[in-house]
>>> print(open('query.cif').read())   # mmCIF, C-alpha atoms and all ligand atoms
data_structure
#
loop_
_atom_site.label_atom_id
_atom_site.label_comp_id
_atom_site.auth_asym_id
_atom_site.auth_seq_id
_atom_site.Cartn_x
_atom_site.Cartn_y
_atom_site.Cartn_z
CA MET A 7 125.52 45.45 67.82
CA SER A 8 122.27 43.65 68.46
CA GLU A 9 120.52 41.81 65.67
CA LYS A 10 117.02 43.13 65.28
CA LEU A 11 113.95 41.01 65.78
CA HIS A 12 112.00 40.57 62.61
CA ALA A 13 110.46 43.94 63.34
CA VAL A 14 107.36 44.44 61.30
CA GLY A 15 107.21 48.02 60.08
CA SER A 16 105.99 50.28 62.85
CA ALA A 17 104.29 47.52 64.83
CA PRO A 18 103.89 48.29 68.52
CA ALA A 19 106.57 47.03 70.88
CA ILE A 20 104.09 44.73 72.58
CA LYS A 21 100.69 43.58 71.46
CA ALA A 22 98.52 41.10 73.31
CA GLU A 23 95.22 39.85 71.97
CA LYS A 24 92.94 37.63 73.98
CA LEU A 25 95.96 36.50 75.94
CA ASN A 26 95.22 33.80 78.49
CA LYS A 27 97.36 31.96 80.95
CA VAL A 28 96.01 29.06 82.96
CA TYR A 29 98.64 27.36 85.12
CA PRO A 30 98.65 23.56 85.24
CA ASN A 31 96.92 23.66 88.65
CA GLY A 32 93.96 25.40 87.03
CA THR A 33 94.69 28.97 88.21
CA ALA A 34 93.57 31.45 85.58
CA ALA A 35 96.32 34.07 85.97
CA LEU A 36 95.50 36.07 82.81
CA THR A 37 92.12 36.23 81.12
CA ASP A 38 91.50 37.81 77.73
CA VAL A 39 94.21 40.44 78.03
CA ASN A 40 94.21 42.91 75.15
CA LEU A 41 96.99 45.48 75.16
CA SER A 42 99.11 47.47 72.80
CA ILE A 43 102.25 49.20 74.06
CA GLY A 44 104.17 51.60 71.85
CA ARG A 45 107.92 51.79 71.37
CA ASP A 46 108.17 55.07 73.25
CA GLU A 47 106.18 54.21 76.36
CA PHE A 48 107.02 53.98 80.05
CA VAL A 49 104.24 51.89 81.54
CA VAL A 50 103.53 50.91 85.12
CA VAL A 51 101.54 47.77 85.78
CA ILE A 52 99.64 47.86 89.05
CA GLY A 53 97.38 45.52 90.96
CA SER A 54 97.10 43.62 94.20
CA SER A 55 99.09 40.53 95.05
CA GLY A 56 98.12 37.62 92.82
CA ALA A 57 96.50 39.88 90.20
CA GLY A 58 98.67 38.51 87.38
CA LYS A 59 101.31 41.23 86.97
CA SER A 60 104.33 38.92 87.06
CA THR A 61 102.62 36.40 84.84
CA PHE A 62 102.12 39.08 82.21
CA LEU A 63 105.75 40.20 82.30
CA ARG A 64 106.94 36.62 82.29
CA CYS A 65 104.91 35.89 79.19
CA LEU A 66 106.87 38.66 77.47
CA ASN A 67 110.22 36.93 77.87
CA ARG A 68 108.51 33.58 77.70
CA LEU A 69 109.49 32.42 81.16
CA VAL A 70 105.78 31.63 81.06
CA ARG A 71 104.11 30.19 78.00
CA PRO A 72 100.69 31.65 77.29
CA THR A 73 97.85 29.15 77.15
CA SER A 74 96.03 30.87 74.29
CA GLY A 75 95.75 34.14 72.44
CA SER A 76 98.47 36.02 70.65
CA LEU A 77 101.42 37.95 72.01
CA GLU A 78 103.61 39.97 69.69
CA LEU A 79 106.93 41.63 70.31
CA PHE A 80 107.76 44.21 67.63
CA GLY A 81 105.31 42.47 65.34
CA GLU A 82 106.60 38.94 65.84
CA ASP A 83 104.29 36.43 67.51
CA ILE A 84 106.24 35.03 70.44
CA SER A 85 103.51 32.97 72.07
CA CYS A 86 104.70 29.71 70.55
CA VAL A 87 108.37 30.25 69.70
CA CYS A 88 110.92 27.75 70.94
CA GLY A 89 114.58 26.79 70.47
CA GLY A 90 116.77 29.35 68.71
CA ARG A 91 113.90 31.74 68.08
CA LEU A 92 113.01 31.73 71.77
CA ARG A 93 116.62 32.52 72.72
CA ARG A 94 116.60 35.36 70.24
CA VAL A 95 113.40 36.74 71.75
CA ARG A 96 114.80 36.52 75.28
CA ARG A 97 117.91 38.37 74.25
CA LYS A 98 115.76 41.32 73.22
CA VAL A 99 114.02 41.49 76.57
CA GLY A 100 116.03 42.90 79.46
CA MET A 101 114.44 41.89 82.73
CA ILE A 102 115.08 42.63 86.37
CA PHE A 103 113.40 41.10 89.39
CA GLN A 104 112.71 42.00 93.01
CA GLN A 105 115.40 39.57 94.15
CA PHE A 106 118.19 40.79 91.79
CA HIS A 107 119.33 37.26 90.80
CA LEU A 108 123.03 38.13 90.71
CA VAL A 109 125.83 35.57 90.90
CA ARG A 110 126.72 36.50 94.43
CA ARG A 111 130.35 35.37 94.49
CA LEU A 112 131.26 37.12 91.23
CA THR A 113 132.34 40.73 91.07
CA VAL A 114 130.01 43.45 89.87
CA ILE A 115 131.71 43.75 86.48
CA GLU A 116 131.66 39.97 86.02
CA ASN A 117 127.93 39.96 86.70
CA VAL A 118 127.47 42.58 84.00
CA LEU A 119 129.61 40.57 81.59
CA VAL A 120 127.27 37.64 82.22
CA GLY A 121 124.70 39.82 80.46
CA ARG A 122 126.96 39.72 77.39
CA LEU A 123 126.93 35.94 77.27
CA ARG A 124 123.53 36.12 75.66
CA PHE A 125 121.94 33.08 77.18
CA ASN A 126 124.62 30.62 76.28
CA ALA A 127 125.42 28.05 78.93
CA SER A 128 126.74 29.97 81.93
CA PRO A 129 130.51 29.65 82.27
CA ALA A 130 130.23 31.33 85.68
CA ARG A 131 130.57 27.99 87.42
CA HIS A 132 133.63 26.93 85.45
CA VAL A 133 135.81 30.00 84.95
CA PRO A 134 137.59 31.45 87.99
CA SER A 135 137.59 34.99 86.58
CA LEU A 136 135.25 36.03 83.82
CA PHE A 137 136.84 39.43 83.49
CA GLY A 138 139.97 38.23 81.72
CA VAL A 139 138.21 36.06 79.16
CA PHE A 140 136.30 38.95 77.61
CA PRO A 141 137.93 41.17 74.97
CA ARG A 142 138.74 44.73 76.02
CA GLN A 143 135.88 46.12 73.99
CA GLU A 144 133.38 43.97 75.88
CA ARG A 145 134.85 45.00 79.21
CA GLU A 146 134.63 48.65 78.23
CA PHE A 147 131.02 48.15 77.29
CA ALA A 148 130.30 46.53 80.65
CA PHE A 149 131.91 49.49 82.42
CA GLU A 150 129.77 51.84 80.37
CA CYS A 151 126.63 49.98 81.53
CA LEU A 152 127.78 50.39 85.13
CA ARG A 153 128.46 54.07 84.54
CA GLN A 154 124.92 54.49 83.29
CA VAL A 155 123.54 53.33 86.63
CA GLY A 156 126.15 55.28 88.59
CA ILE A 157 128.13 52.43 90.16
CA ALA A 158 131.25 52.03 88.00
CA ASP A 159 133.31 52.58 91.15
CA LEU A 160 131.99 49.29 92.53
CA ALA A 161 133.07 47.25 89.49
CA PHE A 162 135.51 45.02 91.37
CA HIS A 163 133.46 44.53 94.51
CA ARG A 164 131.86 41.16 95.06
CA ALA A 165 128.12 41.28 94.38
CA ASP A 166 127.26 39.90 97.81
CA GLN A 167 129.06 42.79 99.50
CA LEU A 168 126.69 45.41 98.11
CA SER A 169 123.53 46.93 99.51
CA GLY A 170 120.18 45.92 98.04
CA GLY A 171 119.92 49.14 96.06
CA GLN A 172 123.41 48.69 94.62
CA GLN A 173 122.67 45.07 93.72
CA GLN A 174 119.53 46.10 91.89
CA ARG A 175 121.55 48.63 89.90
CA VAL A 176 124.02 45.89 88.98
CA ALA A 177 121.05 43.85 87.78
CA ILE A 178 119.94 46.81 85.65
CA ALA A 179 123.46 47.17 84.22
CA ARG A 180 123.56 43.45 83.44
CA ALA A 181 120.24 43.70 81.61
CA LEU A 182 121.54 46.77 79.74
CA ALA A 183 124.60 44.81 78.66
CA GLN A 184 122.24 42.57 76.73
CA GLU A 185 121.35 45.60 74.60
CA PRO A 186 117.67 44.89 75.05
CA GLU A 187 114.97 46.34 72.85
CA VAL A 188 112.44 46.33 75.66
CA PHE A 189 113.04 46.54 79.39
CA LEU A 190 110.87 44.79 81.99
CA ALA A 191 111.09 45.23 85.74
CA ASP A 192 109.09 43.01 88.08
CA GLU A 193 108.67 44.79 91.43
CA PRO A 194 112.20 46.20 91.19
CA ILE A 195 111.88 48.34 94.32
CA ALA A 196 109.80 46.09 96.54
CA SER A 197 112.68 45.13 98.82
CA LEU A 198 114.50 48.49 98.81
CA ASP A 199 114.59 51.46 101.16
CA PRO A 200 112.97 54.67 99.83
CA HIS A 201 116.26 56.27 98.73
CA SER A 202 117.43 53.17 96.82
CA ALA A 203 113.96 52.79 95.33
CA GLU A 204 114.18 56.35 94.05
CA MET A 205 117.59 55.71 92.46
CA VAL A 206 116.41 52.54 90.75
CA MET A 207 113.29 54.20 89.36
CA GLN A 208 115.38 57.12 88.10
CA ASN A 209 117.75 54.66 86.42
CA LEU A 210 114.83 53.00 84.67
CA MET A 211 113.46 56.35 83.53
CA ARG A 212 116.85 57.40 82.17
CA ILE A 213 117.25 54.14 80.28
CA HIS A 214 113.85 54.78 78.73
CA GLU A 215 114.68 58.35 77.77
CA GLU A 216 118.26 57.89 76.59
CA ARG A 217 117.94 54.53 74.85
CA ARG A 218 114.44 55.19 73.63
CA ILE A 219 113.24 51.74 74.53
CA PRO A 220 109.89 50.85 76.04
CA VAL A 221 109.93 50.09 79.75
CA LEU A 222 107.29 48.14 81.71
CA VAL A 223 107.47 48.17 85.48
CA ASN A 224 105.32 46.10 87.81
CA LEU A 225 104.74 48.10 90.94
CA HIS A 226 102.73 47.34 94.02
CA HIS A 227 102.70 50.83 95.35
CA ILE A 228 100.78 53.67 93.86
CA ASP A 229 103.00 56.55 94.91
CA PHE A 230 105.95 55.46 92.76
CA ALA A 231 103.59 54.50 89.95
CA GLN A 232 102.11 57.97 89.93
CA ARG A 233 105.45 59.70 90.10
CA PHE A 234 107.21 57.76 87.38
CA GLY A 235 104.58 56.18 85.14
CA LYS A 236 103.26 57.83 82.03
CA ARG A 237 100.64 55.20 81.42
CA ALA A 238 99.17 52.77 83.93
CA ILE A 239 97.74 49.34 83.33
CA GLY A 240 95.69 47.98 86.20
CA ILE A 241 95.20 44.25 86.50
CA SER A 242 92.65 42.63 88.77
CA LYS A 243 92.11 38.88 88.95
CA GLY A 244 93.93 38.39 85.65
CA ARG A 245 91.96 40.99 83.72
CA VAL A 246 92.97 44.46 82.57
CA VAL A 247 90.55 46.76 84.39
CA PHE A 248 92.37 50.07 83.84
CA ASP A 249 94.47 51.29 80.94
CA ASP A 250 95.02 55.01 80.61
CA ARG A 251 97.37 57.92 81.18
CA ILE A 252 98.66 58.07 84.74
CA GLU A 253 96.79 61.36 85.29
CA ALA A 254 93.55 59.42 84.86
CA LEU A 255 94.39 57.12 87.75
CA SER A 256 91.95 58.67 90.21
CA ASP A 257 91.20 57.39 93.69
CA GLU A 258 88.11 55.77 92.25
CA ALA A 259 90.15 54.02 89.55
CA ILE A 260 92.64 52.81 92.16
CA SER A 261 89.76 51.37 94.20
CA HIS A 262 88.51 49.64 91.10
CA VAL A 263 91.91 48.02 90.46
CA TYR A 264 92.57 46.97 94.06
CA GLY A 265 89.01 46.29 95.23
CA ASP A 266 88.89 45.32 98.89
CA ARG A 267 92.71 45.10 98.93
CA ILE A 268 93.07 48.83 98.48
CA ARG A 269 95.50 49.09 101.40
CA GLU A 270 98.10 47.19 99.34
CA ALA A 271 98.16 50.15 96.97
CA TYR A 272 99.49 52.34 99.75
CA GLY A 273 102.01 49.85 101.10
CA GLU A 274 99.96 48.87 104.10
CA THR A 275 99.56 45.31 105.29
CA ALA A 276 96.02 44.02 105.19
CA ASP A 277 94.32 43.44 108.54
CA SER A 278 93.98 39.77 107.73
CA GLU A 279 97.75 39.45 107.21
CA LEU A 280 98.43 41.33 110.44
CA SER A 281 96.16 39.07 112.41
CA ALA A 282 97.74 36.04 110.75
CA CYS A 283 101.12 37.25 112.05
CA ALA A 284 99.83 37.90 115.56
N1 LIG A 301 103.80 28.69 88.66
C1 LIG A 301 102.54 28.88 89.07
N2 LIG A 301 101.69 27.82 89.20
C2 LIG A 301 100.43 28.01 89.59
N3 LIG A 301 99.87 29.19 89.89
C3 LIG A 301 100.67 30.28 89.77
C4 LIG A 301 102.03 30.17 89.36
N4 LIG A 301 102.57 31.42 89.33
C5 LIG A 301 101.58 32.25 89.72
N5 LIG A 301 100.44 31.57 89.97
C6 LIG A 301 99.15 32.13 90.37
O1 LIG A 301 98.72 33.00 89.33
C7 LIG A 301 98.10 34.15 89.88
C8 LIG A 301 98.85 35.39 89.39
O2 LIG A 301 100.15 35.36 89.97
P1 LIG A 301 101.23 36.48 89.69
O3 LIG A 301 102.49 36.03 90.33
O4 LIG A 301 101.25 36.76 88.23
O5 LIG A 301 100.60 37.73 90.46
P2 LIG A 301 101.26 39.13 90.82
O6 LIG A 301 100.26 40.16 90.42
O7 LIG A 301 102.61 39.22 90.24
O8 LIG A 301 101.33 39.07 92.41
P3 LIG A 301 102.43 39.71 93.41
O9 LIG A 301 102.09 41.17 93.49
O10 LIG A 301 102.17 39.01 94.71
O11 LIG A 301 103.78 39.45 92.85
C9 LIG A 301 98.10 33.97 91.40
O12 LIG A 301 96.87 33.40 91.77
C10 LIG A 301 99.22 32.99 91.62
O13 LIG A 301 98.99 32.23 92.79
MG MG A 302 104.51 39.44 91.05
#
>>> encode(input="query.cif", output="structure tokens", more="lines below")
Ligand SMILES: Nc1ncnc2c1ncn2[C@@H]1O[C@H](COP(=O)(O)OP(=O)(O)OP(=O)(O)O)[C@@H](O)[C@H]1O
Ligand SMILES: [Mg+2]
Amino acid sequence: MSEKLHAVGSAPAIKAEKLNKVYPNGTAALTDVNLSIGRDEFVVVIGSSGAGKSTFLRCLNRLVRPTSGSLELFGEDISCVCGGRLRRVRRKVGMIFQQFHLVRRLTVIENVLVGRLRFNASPARHVPSLFGVFPRQEREFAFECLRQVGIADLAFHRADQLSGGQQQRVAIARALAQEPEVFLADEPIASLDPHSAEMVMQNLMRIHEERRIPVLVNLHHIDFAQRFGKRAIGISKGRVVFDDRIEALSDEAISHVYGDRIREAYGETADSELSACA
């Protein structure tokens, strides 16, 4: 159903060359990032807080505009697109966030149908029930997206009545409903209990395997990265300092990525943060 980007031959899914992002306050969040990510990859992006992981993902759906360098999605340079072309790019990029970003008072199935609206002005504020305004085929498709993340039985529950893990799976289903060509997840398990985190990561892996689309996941914690990632990209202070198969992510490499904030890699709070809370 989805219109294809102007895919250029067998260009990689994502290609960044000398990508830089300097925020208006002068923070250099990305510096000379060079990366190429294939269409069949499941990549985890790791690094300490403030390293630049979210900035990189946000450049890919252009929530953030790169300052310089080139950034290609399936061979199309997206670093400067705007207007209709930007909307078309965003449609191709399914994204989920740590905080789910659901419309809390809508039902689960309505939230998924929002994913079908394809970045038009949101009617969620104006239409009492979205469900009825969508043709049967669209509703069936939304159900299918929910089935894929194992929560079709919750379709008519209000989003704000679900657990965190269930809400994140609704967010995944909503992104799936967009029929994305690449899937990005920014700390998708950071606020979840271990069981829910496991389910969400398994959902992402299944999407990757069944839909054959590239998936990039920002993860703080090494254990999930090592269990689910096939390739790891380590970012430190805005620079890529590790890029290899996950098996190559040795203790030494982890130290290199996290530096003196190594405890973040294992989900521990730094001493300085603990003393700040005391
Ligand atoms: N909108 C913004 N304006 C200014 N600086 C920003 C903005 N967003 C992020 N930054 C800064 O850019 C740097 C990279 O931030 P980013 O959010 O990409 O890091 P991160 O690796 O995702 O961190 P975390 O693990 O805490 O989510 C940080 O120094 C951050 O303070
Ligand atoms: Mg982040």
>>> residues_around(input="query.cif", residues="Arg245 in chain A", least_positions_apart="6", cutoff="7 Å", atoms="all atoms listed in the file", output="VMD selection string")
chain A and resid 36 to 39
>>> residues_near_ligand(input="query.cif", ligand="ligand LIG 301 (chain A)", cutoff="7 Å", atoms="only C-alpha atoms and all ligand atoms", output="PyMOL selection string")
chain A and resi 29-31+33-35+53-62+226+244
>>> write_last_selection(input="query.cif", atoms="C-alpha atoms", output="short mmCIF file (atom, residue, chain, number, x, y, z; two decimals), keeping the file's coordinate frame")
data_model
loop_
_atom_site.label_atom_id
_atom_site.label_comp_id
_atom_site.auth_asym_id
_atom_site.auth_seq_id
_atom_site.Cartn_x
_atom_site.Cartn_y
_atom_site.Cartn_z
CA TYR A 29 98.64 27.36 85.12
CA PRO A 30 98.65 23.56 85.24
CA ASN A 31 96.92 23.66 88.65
CA THR A 33 94.69 28.97 88.21
CA ALA A 34 93.57 31.45 85.58
CA ALA A 35 96.32 34.07 85.97
CA GLY A 53 97.38 45.52 90.96
CA SER A 54 97.10 43.62 94.20
CA SER A 55 99.09 40.53 95.05
CA GLY A 56 98.12 37.62 92.82
CA ALA A 57 96.50 39.88 90.20
CA GLY A 58 98.67 38.51 87.38
CA LYS A 59 101.31 41.23 86.97
CA SER A 60 104.33 38.92 87.06
CA THR A 61 102.62 36.40 84.84
CA PHE A 62 102.12 39.08 82.21
CA HIS A 226 102.73 47.34 94.02
CA GLY A 244 93.93 38.39 85.65
#
>>> closest_residue(input="query.cif", among="A:Ser16, A:Ser202, A:Asn224, A:Gln232", to="ligand MG 302 (chain A)", atoms="only C-alpha atoms and all ligand atoms")
A:Asn224
>>> closest_residue(input="query.cif", among="A:Cys86, A:Val120, A:Val223, A:Glu185", to="ligand MG 302 (chain A)", atoms="only C-alpha atoms and all ligand atoms")
A:Val223
>>> closest_residue(input="query.cif", among="A:Gly235, A:Gly100, A:Pro220, A:Gly240", to="Leu182 in chain A", atoms="only C-alpha atoms")
A:Gly100
